[in-house]
Amino acid sequence: MERTTYNYYIFDLDGTLLSSLGDLAASTNHALRAFGMPARTIEEVRQFVGNGVGKLIDRAVPAGTGKALRDRVFATFRQHYLEHSLDTTRPYPGVEEMLHRLKRQGARIAVVSNKLQAGVTELCRHFFADTVDVAIGEREGIRRKPCPDMVMEAMRQLGAAPGETVYIGDSDVDIETARNSHLPCISVLWGFRDRDFLTAHGAERFASKCEEIK
């Protein structure tokens with residue numbers, strides 16, 4: 001029988017713990033406008049996120065944009081986002097209470113994100129300093145999700161055993177990451193993807209509110 005409680009919880013960040021779409025869109029459009037490119041809507045940016053900010057910019061710039069110009073757009077995005085990642089980003093309702101409840105139950109908690117490591121560190125320090133034990137973001141030497149590298153590193157730092165660990169995310173990338181890491185996955189329904197999309201990509205366990213993760 002599958003476990004229904006775990007000792008180790010590994011969470012995705014954007015769309016799972018944090019409502020961050022507004023700041024991601026604002027920085028994306030700041031960078032696009034700086035180079036005379038058309039802005040993107042919130043819904044477009046919602047579809048672009050999930051595979052790291054490099055891929056976000058790849059998808060946001062006009063088709064046919066050369067690598068040199070794309071790299072300049074990315075650098076502008078990165079600088080703006082590092083300065084503005086806290087403008088409107090907030091935890092989803094109930095997230096902070098959920099994390100504190102898990103900690104009171106003796107759980108250890110990690111965050112793994114395709115966001116740049118500096119952004120992951122800052123956001124977790126600002127919002128979750130008392131609850132998140134390990135925060136892993138995109139950096140040299142570790143492959144992005146859906147590769148299992150970030151999850152494996154988080155488990156190593158937590159001292160986590162696979163049979164005591166669950167992965168929680170909001171996207172198809174998270175479902176694939178959990179599968180590649182040989183972990184059960186809980187797909188949350190308050191994030192960047194809806195239930196039909198998640199089901200089509202193999203989701204089997206869902207949480208519609210934070211109280212259901214325990």
# chains A, B, ... in the order shown; residues from 1 in each chain; ligands from 1

$ select_by_dssp --residues "region 40-141 of chain A" --states "strand (DSSP E or B)" --output "mmCIF file with N, CA and C atoms, in the first residue's frame"
data_model
loop_
_atom_site.group_PDB
_atom_site.id
_atom_site.type_symbol
_atom_site.label_atom_id
_atom_site.label_comp_id
_atom_site.auth_asym_id
_atom_site.auth_seq_id
_atom_site.Cartn_x
_atom_site.Cartn_y
_atom_site.Cartn_z
ATOM 1 N N ARG A 90 3.780 36.364 -3.860
ATOM 2 C CA ARG A 90 3.362 36.015 -2.504
ATOM 3 C C ARG A 90 3.083 34.511 -2.437
ATOM 4 N N PRO A 91 3.151 33.909 -1.254
ATOM 5 C CA PRO A 91 2.704 32.514 -1.131
ATOM 6 C C PRO A 91 1.217 32.407 -1.419
ATOM 7 N N ARG A 108 10.819 17.126 7.043
ATOM 8 C CA ARG A 108 11.843 18.004 6.486
ATOM 9 C C ARG A 108 11.420 18.366 5.074
ATOM 10 N N ILE A 109 11.741 19.611 4.664
ATOM 11 C CA ILE A 109 11.164 20.194 3.460
ATOM 12 C C ILE A 109 12.257 20.767 2.573
ATOM 13 N N ALA A 110 12.132 20.496 1.269
ATOM 14 C CA ALA A 110 13.039 21.078 0.280
ATOM 15 C C ALA A 110 12.230 21.743 -0.826
ATOM 16 N N VAL A 111 12.869 22.692 -1.487
ATOM 17 C CA VAL A 111 12.337 23.315 -2.697
ATOM 18 C C VAL A 111 13.314 23.048 -3.831
ATOM 19 N N VAL A 112 12.789 22.611 -4.971
ATOM 20 C CA VAL A 112 13.609 22.469 -6.175
ATOM 21 C C VAL A 112 12.920 23.240 -7.294
ATOM 22 N N SER A 113 13.671 24.086 -7.985
ATOM 23 C CA SER A 113 13.076 24.985 -8.972
ATOM 24 C C SER A 113 14.024 25.198 -10.134
ATOM 25 N N ASN A 114 13.450 25.356 -11.331
ATOM 26 C CA ASN A 114 14.252 25.733 -12.493
ATOM 27 C C ASN A 114 14.556 27.224 -12.529
ATOM 28 N N LYS A 115 14.100 27.961 -11.530
ATOM 29 C CA LYS A 115 14.468 29.368 -11.382
ATOM 30 C C LYS A 115 15.953 29.450 -11.025
ATOM 31 N N LEU A 116 16.592 30.561 -11.374
ATOM 32 C CA LEU A 116 18.001 30.757 -11.037
ATOM 33 C C LEU A 116 18.232 30.598 -9.538
ATOM 34 N N VAL A 134 16.118 23.005 2.591
ATOM 35 C CA VAL A 134 17.022 22.944 1.442
ATOM 36 C C VAL A 134 16.348 23.642 0.267
ATOM 37 N N ALA A 135 17.090 24.501 -0.433
ATOM 38 C CA ALA A 135 16.551 25.213 -1.594
ATOM 39 C C ALA A 135 17.524 25.066 -2.753
ATOM 40 N N ILE A 136 17.065 24.428 -3.831
ATOM 41 C CA ILE A 136 17.924 24.147 -4.980
ATOM 42 C C ILE A 136 17.337 24.800 -6.218
ATOM 43 N N GLY A 137 18.163 25.601 -6.908
ATOM 44 C CA GLY A 137 17.752 26.233 -8.150
ATOM 45 C C GLY A 137 18.714 25.922 -9.270
ATOM 46 N N GLU A 138 18.490 26.599 -10.404
ATOM 47 C CA GLU A 138 19.336 26.368 -11.574
ATOM 48 C C GLU A 138 20.729 26.939 -11.336
ATOM 49 N N ARG A 139 21.742 26.124 -11.556
ATOM 50 C CA ARG A 139 23.129 26.556 -11.418
ATOM 51 C C ARG A 139 24.018 25.608 -12.218
#

$ residues_around --residues "Gln157 (chain A)" --least-positions-apart "2" --cutoff "10 Å" --atoms "only C-alpha atoms" --output "PDB file with C-alpha atoms, in the first residue's frame"
ATOM      1  CA  ALA A 110      13.039  21.078   0.280  1.00  0.00           C
ATOM      2  CA  ASP A 133      15.514  23.198   4.944  1.00  0.00           C
ATOM      3  CA  VAL A 134      17.022  22.944   1.442  1.00  0.00           C
ATOM      4  CA  ALA A 135      16.551  25.213  -1.594  1.00  0.00           C
ATOM      5  CA  VAL A 151      15.632  16.186  -6.566  1.00  0.00           C
ATOM      6  CA  MET A 152      18.515  13.781  -5.952  1.00  0.00           C
ATOM      7  CA  GLU A 153      20.636  16.612  -4.558  1.00  0.00           C
ATOM      8  CA  ALA A 154      17.783  17.767  -2.327  1.00  0.00           C
ATOM      9  CA  MET A 155      17.304  14.230  -1.023  1.00  0.00           C
ATOM     10  CA  GLY A 159      19.121  12.608   4.189  1.00  0.00           C
ATOM     11  CA  ALA A 160      15.862  11.418   2.634  1.00  0.00           C
TER      12      ALA A 160
END

$ residues_around --residues "Leu189 (chain A)" --least-positions-apart "3" --cutoff "9 Å" --atoms "only C-alpha atoms" --output "MDAnalysis selection string"
chainID A and resid 16 170 192:195 198 206:209

$ write_last_selection --atoms "N, CA and C atoms" --output "PDB file, in the first residue's frame"
ATOM      1  N   THR A  16       3.423  26.518  -7.254  1.00  0.00           N
ATOM      2  CA  THR A  16       3.138  25.520  -6.215  1.00  0.00           C
ATOM      3  C   THR A  16       3.122  26.163  -4.842  1.00  0.00           C
ATOM      4  N   ASP A 170       3.087  21.669  -9.810  1.00  0.00           N
ATOM      5  CA  ASP A 170       1.864  22.143 -10.473  1.00  0.00           C
ATOM      6  C   ASP A 170       1.877  21.946 -11.979  1.00  0.00           C
ATOM      7  N   PHE A 192      -0.154  26.918 -12.192  1.00  0.00           N
ATOM      8  CA  PHE A 192      -0.126  27.429 -13.560  1.00  0.00           C
ATOM      9  C   PHE A 192      -0.815  26.513 -14.572  1.00  0.00           C
ATOM     10  N   ARG A 193      -1.210  25.290 -14.185  1.00  0.00           N
ATOM     11  CA  ARG A 193      -1.841  24.356 -15.107  1.00  0.00           C
ATOM     12  C   ARG A 193      -3.137  23.830 -14.486  1.00  0.00           C
ATOM     13  N   ASP A 194      -4.125  23.500 -15.323  1.00  0.00           N
ATOM     14  CA  ASP A 194      -5.402  23.025 -14.789  1.00  0.00           C
ATOM     15  C   ASP A 194      -5.442  21.496 -14.734  1.00  0.00           C
ATOM     16  N   ARG A 195      -6.519  20.988 -14.152  1.00  0.00           N
ATOM     17  CA  ARG A 195      -6.625  19.540 -13.922  1.00  0.00           C
ATOM     18  C   ARG A 195      -6.619  18.747 -15.228  1.00  0.00           C
ATOM     19  N   LEU A 198      -3.100  18.530 -16.538  1.00  0.00           N
ATOM     20  CA  LEU A 198      -2.273  17.656 -15.706  1.00  0.00           C
ATOM     21  C   LEU A 198      -2.644  16.194 -15.901  1.00  0.00           C
ATOM     22  N   PHE A 206      -4.086  14.505  -6.755  1.00  0.00           N
ATOM     23  CA  PHE A 206      -4.311  15.933  -6.837  1.00  0.00           C
ATOM     24  C   PHE A 206      -4.567  16.515  -5.442  1.00  0.00           C
ATOM     25  N   ALA A 207      -4.220  17.789  -5.311  1.00  0.00           N
ATOM     26  CA  ALA A 207      -4.592  18.555  -4.124  1.00  0.00           C
ATOM     27  C   ALA A 207      -5.223  19.844  -4.602  1.00  0.00           C
ATOM     28  N   SER A 208      -6.458  20.098  -4.209  1.00  0.00           N
ATOM     29  CA  SER A 208      -7.149  21.315  -4.612  1.00  0.00           C
ATOM     30  C   SER A 208      -6.985  22.425  -3.570  1.00  0.00           C
ATOM     31  N   LYS A 209      -6.512  22.065  -2.380  1.00  0.00           N
ATOM     32  CA  LYS A 209      -6.226  23.050  -1.346  1.00  0.00           C
ATOM     33  C   LYS A 209      -5.086  22.521  -0.483  1.00  0.00           C
TER      34      LYS A 209
END

$ closest_atom_pairs --of "region 62-160 of chain A" --to "region 27-33 of chain A" --cutoff "12 Å" --atoms "only C-alpha atoms" --output "Markdown table"
| residue | atom | partner | partner_atom | distance |
| --- | --- | --- | --- | --- |
| A:Pro62 | CA | A:Leu32 | CA | 9.3 |
| A:Thr65 | CA | A:Leu32 | CA | 11.5 |
| A:Leu69 | CA | A:Leu32 | CA | 10.6 |
| A:Arg70 | CA | A:Leu32 | CA | 9.7 |
| A:Asp71 | CA | A:Ala31 | CA | 10.8 |
| A:Arg72 | CA | A:Ala31 | CA | 8.7 |
| A:Val73 | CA | A:Ala31 | CA | 5.5 |
| A:Phe74 | CA | A:Ala31 | CA | 7.3 |
| A:Ala75 | CA | A:Ala31 | CA | 8.4 |
| A:Thr76 | CA | A:Ala31 | CA | 5.4 |
| A:Phe77 | CA | A:Ala31 | CA | 5.0 |
| A:Arg78 | CA | A:Ser27 | CA | 7.9 |
| A:Gln79 | CA | A:Ser27 | CA | 8.8 |
| A:His80 | CA | A:Ser27 | CA | 5.8 |
| A:Tyr81 | CA | A:Ser27 | CA | 5.5 |
| A:Leu82 | CA | A:Ser27 | CA | 9.2 |
| A:Glu83 | CA | A:Ser27 | CA | 9.5 |
| A:His84 | CA | A:Ser27 | CA | 7.7 |
| A:Ser85 | CA | A:Ser27 | CA | 8.5 |
| A:Leu86 | CA | A:Ser27 | CA | 11.5 |
| A:Asp87 | CA | A:Ser27 | CA | 10.6 |
| A:Thr88 | CA | A:Ser27 | CA | 11.7 |

$ closest_residue --among "A:Val95, A:Ala161, A:Val132, A:Leu102" --to "Gly15 (chain A)" --atoms "only C-alpha atoms"
A:Val95

$ atom_distance --atom1 "CA of Thr177 (chain A)" --atom2 "CA of Met98 (chain A)"
22.5 Å

$ select_by_dssp --residues "chain A" --states "alpha helix (DSSP H)" --output "CSV table (one decimal) with N, CA and C atoms, in the first residue's frame"
chain,number,residue,atom,x,y,z
A,21,LEU,N,3.5,34.7,-11.0
A,21,LEU,CA,3.4,35.0,-12.5
A,21,LEU,C,3.5,36.5,-12.8
A,22,GLY,N,2.9,37.3,-12.0
A,22,GLY,CA,2.9,38.8,-12.3
A,22,GLY,C,4.3,39.3,-12.4
A,23,ASP,N,5.2,38.9,-11.5
A,23,ASP,CA,6.6,39.4,-11.5
A,23,ASP,C,7.4,38.8,-12.7
A,24,LEU,N,7.2,37.5,-13.0
A,24,LEU,CA,7.8,36.9,-14.1
A,24,LEU,C,7.4,37.6,-15.4
A,25,ALA,N,6.1,37.9,-15.6
A,25,ALA,CA,5.6,38.6,-16.8
A,25,ALA,C,6.1,40.0,-16.9
A,26,ALA,N,6.2,40.7,-15.7
A,26,ALA,CA,6.7,42.1,-15.7
A,26,ALA,C,8.1,42.2,-16.2
A,27,SER,N,9.0,41.2,-15.7
A,27,SER,CA,10.4,41.2,-16.1
A,27,SER,C,10.6,40.8,-17.5
A,28,THR,N,9.7,39.8,-17.9
A,28,THR,CA,9.8,39.4,-19.3
A,28,THR,C,9.5,40.6,-20.2
A,29,ASN,N,8.4,41.3,-20.0
A,29,ASN,CA,8.0,42.4,-20.8
A,29,ASN,C,9.0,43.6,-20.7
A,30,HIS,N,9.5,43.8,-19.6
A,30,HIS,CA,10.6,44.8,-19.5
A,30,HIS,C,11.7,44.5,-20.4
A,31,ALA,N,12.2,43.3,-20.4
A,31,ALA,CA,13.3,42.9,-21.3
A,31,ALA,C,12.9,43.0,-22.8
A,32,LEU,N,11.7,42.5,-23.1
A,32,LEU,CA,11.2,42.6,-24.5
A,32,LEU,C,11.1,44.0,-25.0
A,33,ARG,N,10.5,44.9,-24.2
A,33,ARG,CA,10.4,46.3,-24.6
A,33,ARG,C,11.7,47.0,-24.8
A,34,ALA,N,12.7,46.6,-24.0
A,34,ALA,CA,14.0,47.2,-24.0
A,34,ALA,C,14.7,47.0,-25.4
A,42,ILE,N,-0.2,37.9,-19.8
A,42,ILE,CA,0.0,37.0,-18.6
A,42,ILE,C,-0.3,35.6,-19.0
A,43,GLU,N,-1.3,35.3,-19.8
A,43,GLU,CA,-1.6,33.9,-20.2
A,43,GLU,C,-0.5,33.3,-21.1
A,44,GLU,N,0.1,34.1,-21.9
A,44,GLU,CA,1.2,33.6,-22.7
A,44,GLU,C,2.4,33.2,-21.8
A,45,VAL,N,2.7,34.1,-20.9
A,45,VAL,CA,3.8,33.8,-19.9
A,45,VAL,C,3.5,32.6,-19.1
A,46,ARG,N,2.3,32.4,-18.7
A,46,ARG,CA,1.8,31.3,-18.0
A,46,ARG,C,2.2,30.0,-18.7
A,47,GLN,N,2.0,30.0,-20.0
A,47,GLN,CA,2.3,28.8,-20.8
A,47,GLN,C,3.8,28.7,-21.1
A,48,PHE,N,4.6,29.8,-20.9
A,48,PHE,CA,6.0,29.7,-21.2
A,48,PHE,C,6.8,29.2,-20.1
A,53,VAL,N,14.1,30.0,-16.7
A,53,VAL,CA,13.9,31.3,-17.2
A,53,VAL,C,14.6,31.4,-18.6
A,54,GLY,N,15.6,30.6,-18.9
A,54,GLY,CA,16.2,30.7,-20.2
A,54,GLY,C,15.2,30.2,-21.2
A,55,LYS,N,14.5,29.2,-21.0
A,55,LYS,CA,13.5,28.7,-21.9
A,55,LYS,C,12.3,29.7,-22.0
A,56,LEU,N,12.0,30.3,-20.8
A,56,LEU,CA,10.9,31.4,-20.8
A,56,LEU,C,11.3,32.4,-21.9
A,57,ILE,N,12.5,32.9,-21.9
A,57,ILE,CA,12.9,33.9,-22.8
A,57,ILE,C,13.0,33.4,-24.2
A,58,ASP,N,13.4,32.2,-24.4
A,58,ASP,CA,13.4,31.5,-25.7
A,58,ASP,C,12.0,31.6,-26.3
A,59,ARG,N,11.0,31.3,-25.5
A,59,ARG,CA,9.6,31.3,-26.0
A,59,ARG,C,9.0,32.7,-26.2
A,60,ALA,N,9.5,33.6,-25.4
A,60,ALA,CA,8.9,35.0,-25.4
A,60,ALA,C,9.4,35.8,-26.5
A,67,LYS,N,20.7,34.3,-31.6
A,67,LYS,CA,21.2,33.9,-30.3
A,67,LYS,C,21.8,35.1,-29.5
A,68,ALA,N,22.6,36.0,-30.2
A,68,ALA,CA,23.3,37.1,-29.6
A,68,ALA,C,22.2,38.1,-29.0
A,69,LEU,N,21.2,38.3,-29.8
A,69,LEU,CA,20.1,39.2,-29.3
A,69,LEU,C,19.3,38.6,-28.2
A,70,ARG,N,19.0,37.3,-28.4
A,70,ARG,CA,18.3,36.6,-27.3
A,70,ARG,C,19.1,36.6,-26.0
A,71,ASP,N,20.4,36.5,-26.1
A,71,ASP,CA,21.2,36.5,-24.9
A,71,ASP,C,21.1,37.9,-24.2
A,72,ARG,N,21.1,38.9,-25.0
A,72,ARG,CA,21.0,40.3,-24.4
A,72,ARG,C,19.6,40.5,-23.7
A,73,VAL,N,18.6,39.9,-24.4
A,73,VAL,CA,17.2,40.0,-23.7
A,73,VAL,C,17.2,39.2,-22.4
A,74,PHE,N,17.8,38.0,-22.4
A,74,PHE,CA,17.9,37.2,-21.2
A,74,PHE,C,18.6,38.0,-20.1
A,75,ALA,N,19.8,38.6,-20.4
A,75,ALA,CA,20.6,39.3,-19.4
A,75,ALA,C,19.8,40.4,-18.8
A,76,THR,N,19.0,41.1,-19.7
A,76,THR,CA,18.1,42.2,-19.2
A,76,THR,C,17.0,41.7,-18.3
A,77,PHE,N,16.4,40.6,-18.7
A,77,PHE,CA,15.4,40.0,-17.9
A,77,PHE,C,16.0,39.6,-16.5
A,78,ARG,N,17.1,38.9,-16.5
A,78,ARG,CA,17.7,38.4,-15.3
A,78,ARG,C,18.0,39.6,-14.3
A,79,GLN,N,18.6,40.6,-14.8
A,79,GLN,CA,18.9,41.8,-13.9
A,79,GLN,C,17.6,42.4,-13.3
A,80,HIS,N,16.6,42.5,-14.2
A,80,HIS,CA,15.4,43.1,-13.7
A,80,HIS,C,14.7,42.2,-12.7
A,81,TYR,N,14.7,40.9,-13.0
A,81,TYR,CA,13.9,40.0,-12.1
A,81,TYR,C,14.6,39.9,-10.8
A,82,LEU,N,15.9,39.9,-10.7
A,82,LEU,CA,16.6,39.8,-9.4
A,82,LEU,C,16.3,41.0,-8.6
A,83,GLU,N,16.0,42.1,-9.2
A,83,GLU,CA,15.7,43.3,-8.4
A,83,GLU,C,14.2,43.5,-8.1
A,84,HIS,N,13.3,42.7,-8.8
A,84,HIS,CA,11.9,42.9,-8.7
A,84,HIS,C,11.1,41.6,-8.5
A,95,VAL,N,-0.4,28.2,2.1
A,95,VAL,CA,0.9,27.6,2.0
A,95,VAL,C,1.8,27.7,3.2
A,96,GLU,N,1.8,28.9,3.8
A,96,GLU,CA,2.7,29.0,5.0
A,96,GLU,C,2.2,28.2,6.2
A,97,GLU,N,0.9,28.1,6.3
A,97,GLU,CA,0.3,27.3,7.4
A,97,GLU,C,0.6,25.8,7.1
A,98,MET,N,0.5,25.4,5.9
A,98,MET,CA,0.8,24.0,5.5
A,98,MET,C,2.2,23.7,5.9
A,99,LEU,N,3.1,24.5,5.5
A,99,LEU,CA,4.6,24.2,5.7
A,99,LEU,C,4.8,24.2,7.2
A,100,HIS,N,4.3,25.1,8.0
A,100,HIS,CA,4.5,25.0,9.4
A,100,HIS,C,3.9,23.8,10.1
A,101,ARG,N,2.7,23.4,9.5
A,101,ARG,CA,2.1,22.2,10.1
A,101,ARG,C,3.0,20.9,9.8
A,102,LEU,N,3.5,20.8,8.6
A,102,LEU,CA,4.4,19.7,8.3
A,102,LEU,C,5.6,19.7,9.2
A,103,LYS,N,6.2,20.9,9.4
A,103,LYS,CA,7.4,21.0,10.3
A,103,LYS,C,7.0,20.5,11.7
A,104,ARG,N,5.8,20.9,12.2
A,104,ARG,CA,5.4,20.5,13.6
A,104,ARG,C,5.3,19.0,13.6
A,117,GLN,N,19.4,30.0,-9.2
A,117,GLN,CA,19.7,29.7,-7.8
A,117,GLN,C,19.6,31.0,-6.9
A,118,ALA,N,20.1,32.1,-7.4
A,118,ALA,CA,20.0,33.3,-6.6
A,118,ALA,C,18.6,33.7,-6.3
A,119,GLY,N,17.7,33.5,-7.2
A,119,GLY,CA,16.3,33.9,-7.0
A,119,GLY,C,15.6,32.9,-6.0
A,120,VAL,N,15.9,31.6,-6.2
A,120,VAL,CA,15.4,30.6,-5.3
A,120,VAL,C,15.8,30.8,-3.8
A,121,THR,N,17.1,31.1,-3.7
A,121,THR,CA,17.6,31.4,-2.4
A,121,THR,C,17.0,32.6,-1.7
A,122,GLU,N,16.8,33.7,-2.5
A,122,GLU,CA,16.2,34.9,-1.9
A,122,GLU,C,14.8,34.7,-1.6
A,123,LEU,N,14.0,34.1,-2.5
A,123,LEU,CA,12.6,33.9,-2.2
A,123,LEU,C,12.3,33.0,-1.0
A,124,CYS,N,13.1,31.9,-0.9
A,124,CYS,CA,12.9,31.0,0.2
A,124,CYS,C,13.4,31.6,1.5
A,125,ARG,N,14.4,32.4,1.5
A,125,ARG,CA,14.9,33.1,2.7
A,125,ARG,C,13.8,34.1,3.1
A,126,HIS,N,13.2,34.8,2.1
A,126,HIS,CA,12.2,35.8,2.5
A,126,HIS,C,10.9,35.3,3.0
A,127,PHE,N,10.4,34.2,2.4
A,127,PHE,CA,9.1,33.7,2.7
A,127,PHE,C,9.1,32.5,3.6
A,128,PHE,N,10.1,31.6,3.5
A,128,PHE,CA,10.1,30.3,4.1
A,128,PHE,C,11.3,30.0,5.0
A,149,ASP,N,18.2,15.4,-11.3
A,149,ASP,CA,19.4,15.9,-10.5
A,149,ASP,C,19.1,16.7,-9.3
A,150,MET,N,18.2,17.7,-9.5
A,150,MET,CA,17.9,18.6,-8.4
A,150,MET,C,17.2,17.9,-7.3
A,151,VAL,N,16.3,17.0,-7.6
A,151,VAL,CA,15.6,16.2,-6.6
A,151,VAL,C,16.6,15.3,-5.8
A,152,MET,N,17.5,14.7,-6.6
A,152,MET,CA,18.5,13.8,-6.0
A,152,MET,C,19.4,14.6,-5.0
A,153,GLU,N,19.8,15.8,-5.4
A,153,GLU,CA,20.6,16.6,-4.6
A,153,GLU,C,19.9,17.1,-3.3
A,154,ALA,N,18.6,17.4,-3.5
A,154,ALA,CA,17.8,17.8,-2.3
A,154,ALA,C,17.7,16.6,-1.4
A,155,MET,N,17.4,15.4,-1.9
A,155,MET,CA,17.3,14.2,-1.0
A,155,MET,C,18.6,13.9,-0.3
A,156,ARG,N,19.7,14.1,-1.0
A,156,ARG,CA,21.0,13.9,-0.4
A,156,ARG,C,21.2,14.9,0.8
A,157,GLN,N,20.9,16.1,0.6
A,157,GLN,CA,21.1,17.1,1.7
A,157,GLN,C,20.1,16.9,2.8
A,158,LEU,N,18.9,16.4,2.5
A,158,LEU,CA,17.9,16.1,3.5
A,158,LEU,C,18.2,14.8,4.3
A,172,ASP,N,3.3,19.8,-15.8
A,172,ASP,CA,3.8,18.5,-16.5
A,172,ASP,C,5.3,18.3,-16.3
A,173,VAL,N,6.0,19.3,-16.2
A,173,VAL,CA,7.5,19.2,-15.8
A,173,VAL,C,7.7,18.5,-14.5
A,174,ASP,N,6.8,18.9,-13.5
A,174,ASP,CA,6.9,18.3,-12.2
A,174,ASP,C,6.5,16.8,-12.2
A,175,ILE,N,5.5,16.5,-13.0
A,175,ILE,CA,5.1,15.1,-13.1
A,175,ILE,C,6.2,14.3,-13.6
A,176,GLU,N,6.8,14.8,-14.7
A,176,GLU,CA,8.0,14.0,-15.3
A,176,GLU,C,9.2,14.0,-14.3
A,177,THR,N,9.4,15.1,-13.6
A,177,THR,CA,10.5,15.1,-12.6
A,177,THR,C,10.3,14.0,-11.6
A,178,ALA,N,9.1,13.9,-11.0
A,178,ALA,CA,8.8,12.9,-10.0
A,178,ALA,C,9.0,11.5,-10.6
A,179,ARG,N,8.5,11.3,-11.8
A,179,ARG,CA,8.7,10.0,-12.4
A,179,ARG,C,10.1,9.7,-12.6
A,180,ASN,N,10.9,10.6,-13.1
A,180,ASN,CA,12.3,10.4,-13.3
A,180,ASN,C,13.1,10.2,-12.0
A,195,ARG,N,-6.5,21.0,-14.2
A,195,ARG,CA,-6.6,19.5,-13.9
A,195,ARG,C,-6.6,18.7,-15.2
A,196,ASP,N,-7.3,19.2,-16.2
A,196,ASP,CA,-7.4,18.5,-17.5
A,196,ASP,C,-6.0,18.4,-18.1
A,197,PHE,N,-5.2,19.5,-18.1
A,197,PHE,CA,-3.9,19.5,-18.6
A,197,PHE,C,-3.0,18.5,-17.9
A,198,LEU,N,-3.1,18.5,-16.5
A,198,LEU,CA,-2.3,17.7,-15.7
A,198,LEU,C,-2.6,16.2,-15.9
A,199,THR,N,-3.9,15.9,-16.0
A,199,THR,CA,-4.4,14.5,-16.2
A,199,THR,C,-3.9,14.0,-17.5
A,200,ALA,N,-3.9,14.9,-18.6
A,200,ALA,CA,-3.4,14.5,-19.9
A,200,ALA,C,-1.9,14.1,-19.9

$ atom_distance --atom1 "CA of Ala129 (chain A)" --atom2 "CA of Leu17 (chain A)"
13.4 Å

$ atom_distance --atom1 "CA of Ser187 (chain A)" --atom2 "CA of Ala203 (chain A)"
6.6 Å

$ decode --residues "region 36-41 of chain A" --atoms "all heavy atoms" --output "CSV table (one decimal), in the first residue's frame"
chain,number,residue,atom,x,y,z
A,36,GLY,N,12.7,46.6,-28.3
A,36,GLY,CA,11.7,46.9,-29.3
A,36,GLY,C,10.8,45.7,-29.7
A,36,GLY,O,10.3,45.7,-30.8
A,37,MET,N,10.7,44.7,-28.8
A,37,MET,CA,10.0,43.5,-29.1
A,37,MET,C,8.6,43.6,-28.5
A,37,MET,O,8.4,44.2,-27.5
A,37,MET,CB,10.7,42.2,-28.6
A,37,MET,CG,12.1,42.0,-29.2
A,37,MET,SD,12.9,40.6,-28.4
A,37,MET,CE,14.4,40.6,-29.4
A,38,PRO,N,7.6,42.9,-29.1
A,38,PRO,CA,6.2,43.0,-28.6
A,38,PRO,C,6.1,42.3,-27.2
A,38,PRO,O,6.7,41.3,-27.0
A,38,PRO,CB,5.4,42.3,-29.6
A,38,PRO,CG,6.3,41.4,-30.4
A,38,PRO,CD,7.6,42.2,-30.4
A,39,ALA,N,5.3,42.9,-26.3
A,39,ALA,CA,5.1,42.3,-25.0
A,39,ALA,C,4.2,41.1,-25.1
A,39,ALA,O,3.5,40.9,-26.1
A,39,ALA,CB,4.4,43.4,-24.1
A,40,ARG,N,4.3,40.3,-24.1
A,40,ARG,CA,3.5,39.1,-24.0
A,40,ARG,C,2.4,39.2,-22.9
A,40,ARG,O,2.6,39.9,-21.9
A,40,ARG,CB,4.4,37.9,-23.6
A,40,ARG,CG,5.4,37.6,-24.7
A,40,ARG,CD,4.7,37.0,-25.9
A,40,ARG,NE,5.7,36.4,-26.8
A,40,ARG,CZ,5.4,35.7,-27.9
A,40,ARG,NH1,4.1,35.4,-28.1
A,40,ARG,NH2,6.3,35.2,-28.7
A,41,THR,N,1.3,38.6,-23.1
A,41,THR,CA,0.2,38.6,-22.1
A,41,THR,C,0.5,37.7,-20.9
A,41,THR,O,1.4,36.8,-21.0
A,41,THR,CB,-1.1,38.1,-22.7
A,41,THR,OG1,-1.0,36.7,-23.0
A,41,THR,CG2,-1.5,38.9,-23.9
